[in-house]
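Following: one structure in structure tokens, then a few remarks.
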Amino acid sequence: MPELPEVETIRTYLIPHIKGQGIKQVDVRLARMLENVSITKFKRELKDQVIKRLLRRGKYLIFEMPQQTFVIHLGMTGQVIFVPSDFQGIKPFKRTVTGWQQATGPYLVDKHTHVIFHLGNNGRMLFRDVRTFGKIFLTGNQWQRHPRLAKLGPEPLEITIETFLQKTNRWQSARPVKSLLLDQTFLAGIGNIYADEALFKAKIHPETPAHNVSHKKAKELLKAIRFVLKKGIRNFGTSFSDYRKPDGSKGNNLESLLVYGRGGKECRECKMILQKITVAQRGTVFCPRCQEGR
Ligand SMILES: [Zn+2]
């Protein structure tokens with residue numbers, strides 16, 4: 001699932017291509033990708049509007065226009081691809097042994113391409129989503145007040161250490177610390193990849209009850225969260241499965257992951273075999289030696 005670094009990478013890539021561009025037309029090929037808005041209304045609200053700003057809040061991409069704002073959430077497998085005007089033709093499908101049609105190139109328009117935004121520069125922005133858990137919705141001008149966005153916790157790269165410690169001081173909860181990290185109302189933008197990476201970096205067992213995380217450990221945890229998120233952004237995101245940059249290429253962060261996706265392999269620090277368990281219904285990888293003790 002795309003998390004903060006992946007969504008931020010998409011945002012940074014898109015800005016020079018879409019900022020200041022008018023929306024000439026929108027094709028919606030799958031109505032249920034739109035949340036609480038009909039295709040007719042969505043097309044009408046976007047037509048001839050200019051994209052003024054592209055922002056990110058948690059895992060949401062926010063497209064501000066003068067009269068309206070639309071928001072994209074990528075769900076599990078969503079992709080935003082930008083096709084420049086000088087692109088010639090569409091690359092053909094490739095069929096794999098499992099029968100899935102895989103994206104063979106950056107500019108694939110296939111049965112998983114659900115929404116196409118035609119822009120003033122004759123570029124196209126494609127929303128592609130295999131599992132279709134992604135969503136696009138309108139918020140009006142006050143996107144901060146939309147229910148999905150209003151309930152989000154602070155941005156982990158912006159929260160001060162003091163505010164973070166105040167939040168963790170109130171951790172009376174026996175909930176595993178990993179489950180709190182995944183809770184978007186606690187901090188916005190962290191998912192399974194960067195939660196596992198941050199807990200490893202801070203040497204905290206993922207099942208540690210939140211009230212057992214000391215002040216000192218909480219400080220280390222915030223530092224670790226920032227470290228792994230910034231590294232993810234520098235590496236243009238983690239392409240573990242479907243995530244792609246808007247030019248269709250993969251991010252570079254996968255090779256640098258220390259625990260996520262490495263269950264059964266050796267810990268890069270102590271050579272112990274990394275364990276895979278389930279925490280908060282999510283596969284969780286940790287090192288029993290580096291992250292011992294709850
Ligand atoms: Zn280890």
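Chain labels run A, B, ... following the order of the structure tokens; each chain numbers its residues from 1, and ligands are numbered from 1 in the order shown.
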All residues within 10 Å of ligand 1 are required, counting only C-alpha atoms and all ligand atoms; please report them as a list in words.
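Those within range of ligand 1 are Phe200, Lys203, Leu258, Val259, Glu266, Cys267, Arg268, Glu269, Cys270, Lys271, Met272, Ile273, Leu274, Phe286, Cys287, Pro288, Arg289, Cys290, Gln291 and Glu292 of chain A.
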Give me the residues within 12 Å of range 78-80 of chain A as a VMD selection string, counting only C-alpha atoms and dropping any in the same chain fewer than 6 places off. chain A and resid 1 to 3 6 to 11 13 to 14 33 59 to 61 72 103 106 to 109 112 to 117 124 to 136 239 241 to 250
Original post:
So how many Å separate CA of Thr160 in chain A and CA of Leu222 in chain A, to one decimal?
Top reply: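 About the pair CA of Thr160 in chain A and CA of Leu222 in chain A: they are 9.4 Å apart.
When only C-alpha atoms are used to measure the gap to Ala218 in chain A, the shortest distance among A:Pro176, A:Phe186, A:Gln166, A:Leu254 belongs to A:Gln166.
Minimum atom-to-atom distance to Tyr194 in chain A, evaluated using only C-alpha atoms, belongs to A:Thr238 out of A:Phe137, A:Thr238, A:Gln281, A:Asn252.
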I need the helix (DSSP H, G or I) residues of range 105-185 of chain A per DSSP on the backbone, written as a ChimeraX atom specification. /A:143-145,147-150,161-169,177-182
Residue with the minimum atom-to-atom distance to His146 in chain A, picked from A:Leu4, A:Val71, A:Leu30, A:Leu257 with only C-alpha atoms counted, is A:Val71
Practice item. Work out how far CA of Ile81 in chain A is from CA of Gln25 in chain A, in Å to one decimal. Key: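 Calculated distance between CA of Gln25 in chain A and CA of Ile81 in chain A is 16.5 Å.
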Top pick for closest residue to Glu45 in chain A, considering A:Lys216, A:Lys230, A:Lys24, A:Lys167 and counting only C-alpha atoms
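Among the listed residues, the smallest separation from Glu45 in chain A belongs to A:Lys24.
Close contacts of Ala210 in chain A, defined as residues with an atom at most 10 Å away when counting only C-alpha atoms, with chain neighbours fewer than 6 positions off set aside, comprise Thr168, Asn169, Arg170, Trp171, Gln172, Ser173, Ala174, Arg175, Pro176, Val177, Lys178, Ser179, Leu180, Ala218 and Arg294 of chain A.
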A straight line from CA of Thr69 in chain A to CA of Leu138 in chain A spans 5.8 Å
When distances are computed from only C-alpha atoms, which of A:Glu35, A:Asp110, A:Glu64, A:Asp183 shows the smallest separation from Pro154 in chain A?
->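 Among the listed residues, the smallest separation from Pro154 in chain A belongs to A:Asp183.
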Discussion item. Considering only strand (DSSP E) as DSSP defines it on the backbone, what residues of range 167-287 of chain A qualify? List them as a list in words.
Written reply: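 Strand (DSSP E) members of range 167-287 of chain A, listed: Gln275, Lys276, Ile277, Thr278, Val279, Arg282, Gly283, Thr284, Val285 and Phe286 of chain A.
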